Structures are given as structure tokens and as C-alpha cells.
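> My structure is stored as query.txt, with compact mmCIF, C-alpha atoms.
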# COMPACT_ATOMS: atom_id res chain seq x y z
CA MET A 1 -11.25 -24.62 22.59
CA GLU A 2 -11.89 -25.41 18.92
CA PHE A 3 -12.05 -22.67 16.33
CA SER A 4 -15.51 -22.05 14.80
CA VAL A 5 -17.13 -19.66 12.33
CA TRP A 6 -18.44 -17.69 15.33
CA ASP A 7 -14.85 -16.87 16.21
CA ILE A 8 -14.54 -15.21 12.79
CA LEU A 9 -17.66 -13.15 13.50
CA THR A 10 -16.32 -12.21 16.93
CA ASP A 11 -12.91 -11.17 15.55
CA PHE A 12 -14.46 -9.00 12.84
CA GLY A 13 -16.97 -7.62 15.32
CA ILE A 14 -14.21 -6.57 17.72
CA ILE A 15 -12.11 -4.99 14.99
CA SER A 16 -15.23 -3.22 13.66
CA MET A 17 -15.82 -1.80 17.14
CA LEU A 18 -12.23 -0.56 17.20
CA LEU A 19 -12.67 1.00 13.75
CA LEU A 20 -15.71 2.87 15.06
CA VAL A 21 -13.65 4.05 18.05
CA GLY A 22 -10.92 5.12 15.62
CA MET A 23 -13.45 7.07 13.56
CA PHE A 24 -14.76 8.81 16.70
CA LEU A 25 -11.28 9.73 17.91
CA ARG A 26 -10.28 11.09 14.50
CA ALA A 27 -13.54 13.05 14.14
CA LYS A 28 -13.73 14.54 17.63
CA VAL A 29 -10.33 14.57 19.36
CA GLY A 30 -7.94 17.35 18.38
CA ILE A 31 -4.68 15.43 18.71
CA PHE A 32 -5.94 12.71 16.35
CA GLN A 33 -7.24 15.30 13.89
CA ARG A 34 -3.87 17.01 13.80
CA SER A 35 -2.15 13.66 13.25
CA PHE A 36 -4.37 12.84 10.20
CA MET A 37 -4.19 9.22 11.34
CA PRO A 38 -6.60 6.91 9.46
CA ALA A 39 -9.17 5.08 11.59
CA SER A 40 -7.72 1.73 10.50
CA ILE A 41 -4.30 2.51 12.00
CA ILE A 42 -5.87 3.83 15.22
CA ALA A 43 -7.97 0.66 15.43
CA GLY A 44 -4.95 -1.56 14.82
CA ILE A 45 -2.88 0.15 17.52
CA LEU A 46 -5.76 -0.16 19.99
CA GLY A 47 -6.12 -3.84 19.05
CA LEU A 48 -2.38 -4.36 19.58
CA ILE A 49 -2.48 -2.69 23.02
CA LEU A 50 -5.67 -4.38 24.21
CA GLY A 51 -5.32 -7.72 22.39
CA LYS A 52 -3.39 -10.93 23.06
CA ASN A 53 -0.01 -9.31 22.33
CA GLY A 54 -0.76 -6.49 24.76
CA PHE A 55 -2.93 -6.44 27.91
CA ASP A 56 -5.07 -9.36 26.66
CA ILE A 57 -8.36 -7.59 27.37
CA LEU A 58 -10.12 -8.10 24.04
CA PRO A 59 -11.19 -11.72 23.31
CA PHE A 60 -9.55 -12.10 19.92
CA SER A 61 -9.11 -15.66 18.67
CA ASP A 62 -5.66 -17.11 18.02
CA PHE A 63 -6.23 -16.75 14.29
CA ILE A 64 -6.31 -12.97 13.83
CA GLY A 65 -2.87 -13.16 12.22
CA SER A 66 -4.39 -15.24 9.41
CA TYR A 67 -6.90 -12.66 8.23
CA PRO A 68 -4.43 -10.28 6.51
CA SER A 69 -3.30 -13.00 4.07
CA ILE A 70 -6.96 -13.59 3.10
CA LEU A 71 -7.85 -9.91 2.88
CA ILE A 72 -4.83 -9.09 0.70
CA ALA A 73 -6.05 -11.70 -1.79
CA VAL A 74 -9.44 -9.94 -1.82
CA VAL A 75 -7.75 -6.58 -2.41
CA PHE A 76 -5.67 -7.92 -5.32
CA ALA A 77 -8.65 -9.73 -6.86
CA ALA A 78 -10.56 -6.42 -6.95
CA LEU A 79 -7.71 -4.46 -8.55
CA PRO A 80 -7.98 -5.62 -12.19
CA LEU A 81 -11.77 -5.56 -12.00
CA SER A 82 -11.68 -1.84 -11.13
CA THR A 83 -9.11 -0.79 -13.75
CA PRO A 84 -10.58 1.41 -16.52
CA LYS A 85 -9.67 1.05 -20.19
CA PHE A 86 -6.72 3.11 -21.38
CA LYS A 87 -4.39 3.70 -24.31
CA TRP A 88 -0.65 3.12 -23.86
CA SER A 89 0.21 6.08 -26.11
CA GLU A 90 -1.98 8.35 -24.02
CA MET A 91 -0.40 7.09 -20.83
CA PHE A 92 3.20 7.76 -21.86
CA ASP A 93 2.44 11.10 -23.52
CA LYS A 94 0.69 12.47 -20.46
CA VAL A 95 2.42 10.86 -17.51
CA GLY A 96 5.80 9.58 -18.68
CA ARG A 97 7.60 11.86 -16.27
CA LEU A 98 5.61 10.76 -13.22
CA TRP A 99 5.69 7.10 -14.33
CA SER A 100 9.48 7.02 -14.69
CA TYR A 101 10.07 8.74 -11.35
CA SER A 102 7.63 6.47 -9.53
CA GLN A 103 8.91 3.30 -11.19
CA ILE A 104 12.54 4.14 -10.41
CA ILE A 105 11.94 4.88 -6.76
CA MET A 106 9.80 1.77 -6.32
CA LEU A 107 12.43 -0.51 -7.86
CA LEU A 108 15.25 1.11 -5.89
CA MET A 109 13.33 0.82 -2.63
CA TRP A 110 13.08 -2.95 -3.15
CA GLY A 111 16.54 -3.57 -4.61
CA GLY A 112 18.38 -0.89 -2.64
CA GLY A 113 16.82 -1.92 0.67
CA LEU A 114 17.80 -5.52 0.08
CA LEU A 115 21.34 -4.53 -1.01
CA PHE A 116 21.78 -2.36 2.09
CA ALA A 117 20.75 -5.23 4.35
CA LEU A 118 22.89 -7.80 2.53
CA ILE A 119 26.00 -5.63 2.80
CA LEU A 120 25.55 -4.34 6.35
CA LEU A 121 22.80 -6.01 8.39
CA VAL A 122 23.12 -9.67 7.40
CA PRO A 123 26.86 -9.90 8.22
CA LEU A 124 26.61 -7.83 11.42
CA PHE A 125 23.40 -9.20 12.94
CA ASP A 126 22.95 -12.56 11.20
CA VAL A 127 19.41 -11.69 10.09
CA HIS A 128 17.51 -13.47 7.31
CA ASN A 129 18.74 -12.80 3.74
CA GLY A 130 15.32 -11.34 2.95
CA PHE A 131 15.47 -8.84 5.82
CA GLY A 132 16.00 -5.89 3.49
CA LEU A 133 12.72 -6.58 1.66
CA LEU A 134 10.85 -5.61 4.82
CA LEU A 135 11.62 -1.95 4.07
CA ALA A 136 9.84 -1.74 0.71
CA ALA A 137 7.15 -4.20 1.80
CA GLY A 138 6.16 -1.84 4.60
CA PHE A 139 6.96 1.58 3.13
CA VAL A 140 6.10 1.66 -0.57
CA GLY A 141 3.85 -1.37 -0.31
CA GLY A 142 1.94 -0.63 2.89
CA HIS A 143 0.12 -3.11 5.08
CA GLY A 144 -1.29 -5.05 2.13
CA THR A 145 2.11 -5.81 0.65
CA ALA A 146 3.50 -6.40 4.14
CA ALA A 147 0.85 -9.08 4.64
CA ALA A 148 1.70 -10.67 1.29
CA ILE A 149 5.48 -10.69 1.78
CA GLY A 150 5.18 -11.79 5.39
CA ASP A 151 2.84 -14.63 4.49
CA ALA A 152 5.13 -15.81 1.66
CA PHE A 153 8.16 -15.98 3.95
CA GLN A 154 6.24 -17.34 6.92
CA SER A 155 4.92 -20.25 4.86
CA GLN A 156 8.54 -21.15 4.09
CA GLY A 157 9.76 -21.06 7.68
CA TRP A 158 10.65 -17.42 8.46
CA GLU A 159 8.05 -17.02 11.21
CA GLU A 160 9.12 -13.49 12.17
CA ALA A 161 8.53 -11.99 8.73
CA THR A 162 4.86 -11.01 9.09
CA SER A 163 5.23 -9.16 12.41
CA LEU A 164 8.31 -7.31 11.17
CA ALA A 165 6.70 -6.40 7.83
CA MET A 166 3.54 -5.14 9.55
CA THR A 167 5.63 -3.08 11.94
CA SER A 168 7.53 -1.62 9.00
CA ALA A 169 4.24 -0.65 7.34
CA THR A 170 2.90 0.95 10.52
CA ILE A 171 6.08 2.95 11.09
CA GLY A 172 6.09 3.95 7.42
CA ALA A 173 2.54 5.29 7.63
CA ILE A 174 3.35 7.27 10.78
CA ILE A 175 6.49 8.69 9.15
CA ALA A 176 4.59 9.57 5.98
CA ILE A 177 1.96 11.46 7.95
CA GLY A 178 4.32 13.01 10.50
CA MET A 179 7.07 14.17 8.13
CA GLY A 180 4.54 14.93 5.41
CA LEU A 181 2.63 17.34 7.66
CA VAL A 182 5.86 19.07 8.70
CA LEU A 183 6.87 19.53 5.04
CA ILE A 184 3.40 20.75 4.11
CA ARG A 185 3.25 23.27 6.95
CA SER A 186 6.74 24.57 6.14
CA ASN A 187 6.13 24.95 2.40
CA ALA A 188 2.63 26.39 2.80
CA ASN A 189 3.93 29.09 5.13
CA LYS A 190 6.75 29.82 2.64
CA GLY A 191 4.29 30.16 -0.24
CA ASN A 192 5.61 27.13 -2.14
CA THR A 193 2.17 25.51 -2.42
CA ASN A 194 -0.09 26.34 -5.34
CA PHE A 195 -3.54 25.53 -3.99
CA ILE A 196 -3.52 26.36 -0.25
CA SER A 197 -2.27 29.56 1.35
CA SER A 198 -1.97 28.36 4.94
CA PHE A 199 -1.86 24.98 6.63
CA ASP A 200 -4.10 26.25 9.44
CA LYS A 201 -6.91 27.09 6.99
CA LEU A 202 -7.52 23.52 5.84
CA PRO A 203 -11.16 22.45 5.41
CA GLU A 204 -12.74 20.86 8.47
CA GLU A 205 -13.54 17.62 6.62
CA LEU A 206 -9.82 16.97 6.07
CA LYS A 207 -9.23 17.21 9.80
CA SER A 208 -12.21 15.18 10.98
CA GLY A 209 -12.63 12.85 8.02
CA LEU A 210 -16.40 13.47 7.99
CA LEU A 211 -17.87 14.88 4.79
CA PRO A 212 -20.62 17.53 4.90
CA LYS A 213 -23.70 16.91 2.76
CA ASN A 214 -22.61 19.27 -0.03
CA LYS A 215 -19.30 17.42 -0.50
CA ARG A 216 -20.47 13.81 -0.56
CA ASN A 217 -20.13 11.60 -3.63
CA SER A 218 -22.13 8.56 -4.66
CA LEU A 219 -20.59 5.18 -3.79
CA GLY A 220 -21.49 3.91 -7.26
CA GLU A 221 -24.31 3.03 -9.61
CA ASN A 222 -26.67 0.08 -9.57
CA THR A 223 -25.68 -1.82 -12.69
CA VAL A 224 -28.13 -4.70 -12.22
CA SER A 225 -31.69 -4.77 -10.96
CA SER A 226 -32.35 -5.97 -7.42
CA ILE A 227 -34.96 -8.28 -8.95
CA LEU A 228 -31.99 -10.24 -10.34
CA ILE A 229 -29.39 -9.69 -7.60
CA ASP A 230 -28.23 -6.85 -5.40
CA SER A 231 -25.65 -4.74 -7.23
CA LEU A 232 -23.17 -4.77 -4.34
CA ALA A 233 -23.56 -8.55 -4.03
CA PHE A 234 -22.89 -8.90 -7.77
CA HIS A 235 -19.60 -7.02 -7.49
CA LEU A 236 -18.62 -8.80 -4.31
CA MET A 237 -19.26 -12.25 -5.80
CA LEU A 238 -16.87 -11.50 -8.69
CA VAL A 239 -14.14 -10.50 -6.24
CA LEU A 240 -14.67 -13.47 -3.92
CA PHE A 241 -14.83 -15.89 -6.85
CA ALA A 242 -11.47 -14.65 -8.14
CA THR A 243 -10.06 -14.84 -4.60
CA MET A 244 -11.25 -18.42 -4.13
CA VAL A 245 -9.85 -19.63 -7.46
CA GLY A 246 -6.55 -17.91 -6.73
CA TYR A 247 -6.32 -19.70 -3.38
CA TYR A 248 -7.08 -23.12 -4.86
CA LEU A 249 -4.56 -22.60 -7.66
CA SER A 250 -1.94 -21.71 -5.05
CA GLN A 251 -2.73 -24.87 -3.10
CA PHE A 252 -2.72 -26.95 -6.27
CA GLY A 253 0.73 -25.64 -7.21
CA GLU A 254 2.12 -26.56 -3.80
CA SER A 255 0.60 -30.05 -4.06
CA LEU A 256 2.47 -30.60 -7.33
CA TYR A 257 5.78 -29.22 -6.11
CA ALA A 258 6.42 -28.28 -2.48
CA ASN A 259 8.77 -25.41 -3.33
CA LEU A 260 6.32 -23.91 -5.85
CA SER A 261 4.80 -21.37 -3.45
CA ILE A 262 3.03 -18.77 -5.60
CA PRO A 263 1.01 -16.56 -3.22
CA ALA A 264 -2.78 -16.71 -3.44
CA PHE A 265 -3.02 -12.92 -3.86
CA SER A 266 -0.96 -13.00 -7.06
CA LEU A 267 -3.09 -15.75 -8.56
CA ALA A 268 -6.25 -13.95 -7.40
CA PHE A 269 -5.03 -10.88 -9.32
CA LEU A 270 -4.44 -13.05 -12.39
CA ILE A 271 -7.91 -14.60 -12.14
CA GLY A 272 -9.43 -11.15 -11.71
CA LEU A 273 -7.61 -10.02 -14.85
CA ILE A 274 -8.85 -13.04 -16.82
CA LEU A 275 -12.36 -12.49 -15.50
CA LYS A 276 -12.24 -8.85 -16.61
CA LYS A 277 -11.11 -9.92 -20.11
CA ILE A 278 -13.94 -12.47 -20.32
CA LEU A 279 -16.47 -9.82 -19.31
CA GLN A 280 -15.04 -7.43 -21.91
CA TRP A 281 -15.22 -10.15 -24.58
CA ALA A 282 -18.84 -10.85 -23.63
CA LYS A 283 -19.53 -7.06 -23.61
CA ALA A 284 -20.64 -7.40 -20.00
CA ASP A 285 -17.91 -5.23 -18.45
CA GLU A 286 -20.27 -2.23 -18.61
CA TYR A 287 -22.08 -3.78 -15.64
CA ILE A 288 -19.02 -3.40 -13.44
CA ASP A 289 -18.94 -0.11 -11.55
CA ASN A 290 -15.35 0.92 -10.84
CA ASN A 291 -16.34 2.94 -7.77
CA ILE A 292 -18.02 -0.05 -6.15
CA MET A 293 -15.02 -2.27 -6.94
CA ASN A 294 -12.67 0.34 -5.48
CA SER A 295 -14.84 0.54 -2.39
CA ILE A 296 -14.71 -3.25 -1.90
CA GLY A 297 -10.92 -3.16 -2.17
CA GLY A 298 -10.73 -0.13 0.11
CA GLY A 299 -12.94 -1.72 2.76
CA ALA A 300 -10.88 -4.92 2.70
CA THR A 301 -7.73 -2.79 3.07
CA ASP A 302 -9.11 -1.02 6.17
CA TYR A 303 -9.77 -4.34 7.88
CA LEU A 304 -6.42 -5.69 6.67
CA VAL A 305 -4.55 -2.75 8.23
CA ALA A 306 -6.41 -3.05 11.53
CA PHE A 307 -5.93 -6.83 11.80
CA GLY A 308 -2.33 -6.60 10.62
CA ILE A 309 -1.28 -4.12 13.30
CA ALA A 310 -3.33 -5.84 16.02
CA SER A 311 -1.59 -9.16 15.32
CA ILE A 312 2.00 -7.84 15.49
CA ASN A 313 4.18 -9.93 17.80
CA LEU A 314 6.04 -7.30 19.82
CA THR A 315 8.56 -9.85 21.11
CA VAL A 316 9.74 -10.45 17.55
CA VAL A 317 10.15 -6.70 17.00
CA VAL A 318 12.09 -6.24 20.23
CA ASP A 319 14.38 -9.17 19.39
CA ASN A 320 15.29 -7.50 16.07
CA ILE A 321 15.13 -3.89 17.23
CA VAL A 322 18.70 -2.84 16.34
CA PRO A 323 18.95 -4.09 12.71
CA PHE A 324 15.30 -3.19 12.17
CA SER A 325 15.85 0.38 13.40
CA ILE A 326 18.90 0.78 11.14
CA LEU A 327 16.87 -0.42 8.16
CA ILE A 328 14.04 2.03 8.96
CA VAL A 329 16.49 4.96 9.27
CA PHE A 330 17.96 4.02 5.90
CA GLY A 331 14.44 4.03 4.43
CA ILE A 332 13.68 7.47 5.85
CA LEU A 333 16.91 8.97 4.48
CA PHE A 334 16.34 7.28 1.11
CA SER A 335 12.78 8.65 0.86
CA TYR A 336 13.74 12.16 1.90
CA PHE A 337 16.65 12.20 -0.55
CA PHE A 338 14.28 11.49 -3.44
CA TYR A 339 11.86 14.17 -2.23
CA ARG A 340 14.56 16.75 -1.49
CA VAL A 341 16.96 16.18 -4.39
CA VAL A 342 15.75 13.90 -7.17
CA SER A 343 12.18 15.21 -7.48
CA GLN A 344 13.42 18.65 -8.58
CA ASN A 345 14.82 17.05 -11.73
CA TYR A 346 11.45 15.60 -12.68
CA PHE A 347 8.68 17.98 -11.70
CA GLN A 348 8.77 21.50 -13.08
CA GLU A 349 5.00 22.08 -12.77
CA ASN A 350 3.29 21.70 -9.39
CA TRP A 351 6.54 20.32 -8.04
CA PHE A 352 5.52 20.40 -4.40
CA GLU A 353 2.18 18.67 -4.93
CA LYS A 354 3.78 15.85 -6.93
CA GLY A 355 6.75 15.69 -4.58
CA ILE A 356 4.70 15.37 -1.41
CA PHE A 357 2.39 12.84 -3.07
CA THR A 358 5.28 10.58 -4.06
CA PHE A 359 6.89 11.03 -0.63
CA GLY A 360 3.66 9.82 0.98
CA TRP A 361 3.51 6.89 -1.43
CA ILE A 362 7.07 5.61 -0.89
CA THR A 363 6.82 5.84 2.89
CA GLY A 364 3.19 5.08 3.67
CA ALA A 365 1.57 3.58 0.53
CA VAL A 366 -0.93 5.13 -1.89
CA ALA A 367 -3.70 5.80 0.65
CA THR A 368 -1.41 8.01 2.72
CA ALA A 369 -0.13 9.74 -0.41
CA ILE A 370 -3.70 10.63 -1.36
CA ALA A 371 -4.36 11.98 2.15
CA LEU A 372 -1.30 14.28 1.91
CA LEU A 373 -2.26 15.40 -1.59
CA ARG A 374 -5.78 16.29 -0.47
CA ILE A 375 -4.27 18.56 2.17
CA VAL A 376 -2.16 20.58 -0.31
CA ASP A 377 -4.56 20.24 -3.24
CA PRO A 378 -8.09 19.92 -1.78
CA LYS A 379 -9.85 20.13 -5.17
CA LEU A 380 -7.21 17.99 -6.95
CA GLU A 381 -6.50 20.82 -9.39
CA SER A 382 -2.89 19.76 -9.94
CA ARG A 383 -4.13 16.59 -11.71
CA THR A 384 -1.49 14.66 -9.76
CA LEU A 385 -3.93 11.92 -8.77
CA ASP A 386 -5.25 11.55 -12.32
CA GLU A 387 -1.72 11.30 -13.69
CA PHE A 388 -0.66 8.80 -11.06
CA GLY A 389 -3.74 6.70 -11.81
CA LEU A 390 -2.54 6.38 -15.41
CA ALA A 391 1.13 6.04 -14.45
CA TYR A 392 0.36 3.24 -12.01
CA ILE A 393 -1.17 1.01 -14.70
CA PRO A 394 2.23 -0.16 -16.03
CA ILE A 395 3.73 0.02 -12.53
CA ALA A 396 1.16 -2.38 -11.05
CA PRO A 397 2.27 -5.54 -12.90
CA VAL A 398 5.91 -4.78 -12.02
CA GLU A 399 5.01 -4.35 -8.37
CA ILE A 400 2.91 -7.52 -8.32
CA ALA A 401 5.75 -9.46 -9.98
CA ILE A 402 8.18 -8.19 -7.33
CA ILE A 403 5.83 -9.05 -4.48
CA THR A 404 5.24 -12.49 -5.97
CA PHE A 405 8.76 -13.49 -6.92
CA SER A 406 11.07 -11.60 -4.54
CA PRO A 407 10.58 -14.17 -1.74
CA LEU A 408 11.26 -16.94 -4.26
CA PHE A 409 14.54 -15.28 -5.25
CA ILE A 410 15.57 -15.08 -1.59
CA LEU A 411 14.46 -18.59 -0.67
CA ASN A 412 16.37 -20.02 -3.64
CA GLY A 413 19.58 -18.15 -2.81
CA GLN A 414 19.27 -15.64 -5.67
CA HIS A 415 19.24 -12.49 -3.52
CA TRP A 416 22.14 -10.88 -5.38
CA LEU A 417 20.45 -11.52 -8.71
CA PHE A 418 17.31 -9.78 -7.45
CA THR A 419 19.28 -6.66 -6.51
CA LEU A 420 21.00 -6.69 -9.91
CA ILE A 421 17.67 -6.91 -11.77
CA THR A 422 15.90 -4.16 -9.81
CA ILE A 423 18.79 -1.70 -9.69
CA GLY A 424 19.71 -2.43 -13.32
CA ALA A 425 16.12 -1.82 -14.44
CA SER A 426 16.15 1.49 -12.56
CA ALA A 427 19.32 2.56 -14.37
CA ILE A 428 17.73 1.76 -17.73
CA ILE A 429 14.62 3.82 -16.90
CA ILE A 430 16.83 6.74 -15.82
CA LEU A 431 18.59 6.64 -19.20
CA ILE A 432 15.24 6.51 -21.03
CA SER A 433 13.99 9.42 -18.92
CA TYR A 434 17.05 11.50 -19.73
CA GLN A 435 16.79 10.67 -23.42
CA ARG A 436 13.08 11.69 -23.52
CA LYS A 437 13.85 14.78 -21.40
CA TRP A 438 11.57 13.63 -18.59
CA PHE A 439 14.61 13.85 -16.33
CA THR A 440 16.42 17.19 -16.55
CA PHE A 441 18.78 18.98 -14.23
CA HIS A 442 16.70 21.83 -12.93
CA LYS A 443 17.47 23.47 -9.60
CA LYS A 444 14.62 24.59 -7.36
CA GLU A 445 14.37 25.73 -3.77
CA ARG A 446 13.39 22.85 -1.54
CA ALA A 447 12.28 22.59 2.07
Give the structure from the file, written as C-alpha cells.

Amino acid sequence: MEFSVWDILTDFGIISMLLLVGMFLRAKVGIFQRSFMPASIIAGILGLILGKNGFDILPFSDFIGSYPSILIAVVFAALPLSTPKFKWSEMFDKVGRLWSYSQIIMLLMWGGGLLFALILLVPLFDVHNGFGLLLAAGFVGGHGTAAAIGDAFQSQGWEEATSLAMTSATIGAIIAIGMGLVLIRSNANKGNTNFISSFDKLPEELKSGLLPKNKRNSLGENTVSSILIDSLAFHLMLVLFATMVGYYLSQFGESLYANLSIPAFSLAFLIGLILKKILQWAKADEYIDNNIMNSIGGGATDYLVAFGIASINLTVVVDNIVPFSILIVFGILFSYFFYRVVSQNYFQENWFEKGIFTFGWITGAVATAIALLRIVDPKLESRTLDEFGLAYIPIAPVEIAIITFSPLFILNGQHWLFTLITIGASAIIILISYQRKWFTFHKKERA
């Protein structure tokens, strides 16, 4: 049977149904409420069980594995369009400590994970030289980065990369939530939290995910009149335009030189950045509502996560279960070490809130980190999220560069150079942090 546009509608319709089921389960069933599992992950797991890689009940097309690579380009195109203006001096004065900690751990997750695999897993199990990148792609990157890294490797012949990266991201999210909740409950009961007194007294909306009327916020503002064009359509057309141009530039590069495989999501980000600059130059950027742009990116991410998990090839995971499990255990120990030991040398104020946020980020991506933070700091009084928003501005281009070029390093036999660059950059930031007294030896009780 030939593929048609109706297959796309059917695939998105089925995954939308599963998202609704995920929302219902999270809102009404106690075990899902206690797990704090996002609807997108629940939907993805249901799609995996009931789809073609499971019991083959749901009539997904054979192309559901292609959607994540498109959706990640949409997510990255929306990122620069939703970034507010800022001052570099303000950023470093306010959030230098959180920036340096976050940048170090992100670089070490990529470089350290690859180094660990190159030294131990590649010689023992004869896995791909890029195997170690699956750790950071899934943990600190999440399903979006997993889709990007997997697609980059898959296009160059490593067919197993996407399924393994998506599995890494799913496991990372479950670990972030599971271990995060254990740490929160333990520290709340010990009195180490500053904004909640007991884990069992959390607001109902954090458990169910449904907001009562008095706690709802506006999605955004209408920045253009509907007589001209719908405001949501205006924002969406900017994102899709940047995505399309990014894709065509990627294809154009490959047509010029077969080994020049710059992912579409990276070029979509670049086009989005250029588009934002043009709008600022034309003084038209005031018509972009950051909340709407964030919502477009967030919605694309929800579908990306659901499709990504649903399309995992379990046979590939089983075939690599031993080296993959060793890599995941290394990632868990690495993440806990930073939470348990290193974080005490960075955060003297609201240490637990910042520590649990960064733990959630490096194991389950930013969305999971925010979920954990909202549990321990429901009103966001610690300013952790505000500080991370500023700190992430200089982190974002580094992360995008790593996601873009790390597969190219591996595919061109420069894997050792990549580890040297990432670990060396981390060492430099540690020295800068110590010199500026962001990093100080300060012992605190940890749990």
C-alpha cells in the first residue's frame, strides 16, 4: 500500500488519542499521579506496546519513525524566535554560578560518556564508536536530542542509533522522575527543603496535571488582528518557514558533498535566529509573543516524545542490552555524583532546589527538571527557573554545536578529539569558576 497524506493524519490522530488517554490516566489514576509521568511518555509507551513493534493492534503507518526528525526541526526553529533580549553582563553577574555548573556537567556528560564507551564498551562489545553519545543524547538532551542524534547517525548507516537513543531518553526520564521523587521525599521529611514542609502535602494540580481556574495562565497575547491573519497561524508560519528552509539547506549541502550532512534541525535553528534578527531590525519583533512560541515548541515536543517512544525497535535494544545497560548505569552514577558531591560546592543558597533541578535536567531533560522543581518550589520562589533561563542562553549554542557536530566527529574518525575538546573545555570552566569564586569547597549535609 502506498503512503499518502491521510496516513499522516491517521498517525497523528492515533498518537493524539494516546495522548488523551495519557492525560486521563495521569489525572485520574493514583499510580500515574504518584509517578508524575508526563502524558507524552505514557502515550509513547502505550504506542510502543500496542503498535507495530508490540502487539500490532494500532494501525500506525510504517513511517512513524520519521516524524521525530521533522518535529525536532520544528522545536529548534521555534527556540530562537522565543528567546527574549538580554544583557551578557547581567547574565554572568546573576547566574554565573548556575551557568558554570550546568555547562560543565553538560560537556562532561557528552565527552565523559563517549570516553567511557571508547575505553570499555567499544573494545569489549564491538559497538559503534559513537555508542557513548547515546547517554547524553538521551539523558541531558531528552527525546528531542535523541531524535536529532539518532537521525544524524542513521542517515550515515548506523540504523540502530535512533531506537537506542530514544530508549536512552525514555529511561532517563523515568530515572529522573523516580530518583527525583525519592530524593524530594527524603529531603522534605528531613526539613532540607525551603518551600514545602511535606511531600504528601503537594497541591493537587501537581499530582493530576490539571489546573484549577484560579491558577490558570494565558497562553499568550494576540499580536495581530484576525482581520489580517490569526495570531497563532502567524507564529506557526514563522516556525514552519524556518523549518522548511533549514531542511532544504540540509538537502542542498548533501547534494554538493555527500559527506556534508548538517542536520536540518541545526539549520532550522540558524534560520530562526536570522529571522529573529531581521524582525528586530525591522522593529517587528514586538509582534512575536514568546509564550505562543514556547507553546508551539512545547506541543511539538509532546508529539515528538510520543512518536519517538512508540517507534522504538525493541529488537535493537535487546541485541545491545548488555553494553547499553552498562552505559545507563554509568550515567546514573555520574548524575548522582554531581548531585550528591559537586553541587554542594556551587549552591550555597537554595541548594536543594537548584540541585534537584539540575539532577532532573541531566537525567531527563529540561521539562522533567521543571516538573521536579515545581514539586519542591511550587511558587518558584527560589528563582531557580529564572536563573536557569538566563544561564541557558550561552549554553544553548554550545549544546546545538555538540548535537550538530558530534556525529561528524565520530563519522570522520575524530572521536578522541571530541572527548579532548569537551573534557578540556570543562576543565577550563572549572578553573574560571574557582577563580571567580563560583566554585568553592563548602560542605553540606546531603541525602
> Using all atoms listed in the file, find the one residue out of A:Phe116, A:Phe330, A:Phe352, A:Trp438 that sits nearest to Phe131 in chain A.
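Ranking A:Phe116, A:Phe330, A:Phe352, A:Trp438 by distance to Phe131 in chain A, first place goes to A:Phe116.
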> Excluding Met23 in chain A and residues on its chain fewer than 3 positions from it, collect all residues at most 12 Å away from it, counting only C-alpha atoms, and give them as an MDAnalysis selection string.
chainID A and resid 16:20 26:29 32:33 36:43 207:210 302
> Could you check the closest approach to Ile119 in chain A for each of A:Ala300, A:Val322, A:Val245, A:Leu327 and tell me which residue wins, using only C-alpha atoms?
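Of the candidates, the smallest distance to Ile119 in chain A is held by A:Leu327.
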> Using only C-alpha atoms, can you tell me which of A:Leu385, A:Ala161, A:Val305, A:Ile278 comes closest to Gly47 in chain A?
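Result for the nearest residue to Gly47 in chain A: A:Val305.
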> Which residues, written as a CSV table (one decimal) with C-alpha atoms, keeping the file's coordinate frame, have at least one atom at most 10 Å from Phe3 in chain A, with only C-alpha atoms counted and residues fewer than 4 positions away on the same chain left out?

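Output (selection.csv):
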chain,number,residue,atom,x,y,z
A,7,ASP,CA,-14.8,-16.9,16.2
A,8,ILE,CA,-14.5,-15.2,12.8
A,61,SER,CA,-9.1,-15.7,18.7
A,62,ASP,CA,-5.7,-17.1,18.0
A,63,PHE,CA,-6.2,-16.8,14.3
> Quote the spacing between CA of Leu372 in chain A and CA of Leu181 in chain A in Å to one decimal place.
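Atom-to-atom, CA of Leu372 in chain A and CA of Leu181 in chain A are spaced 7.6 Å apart.
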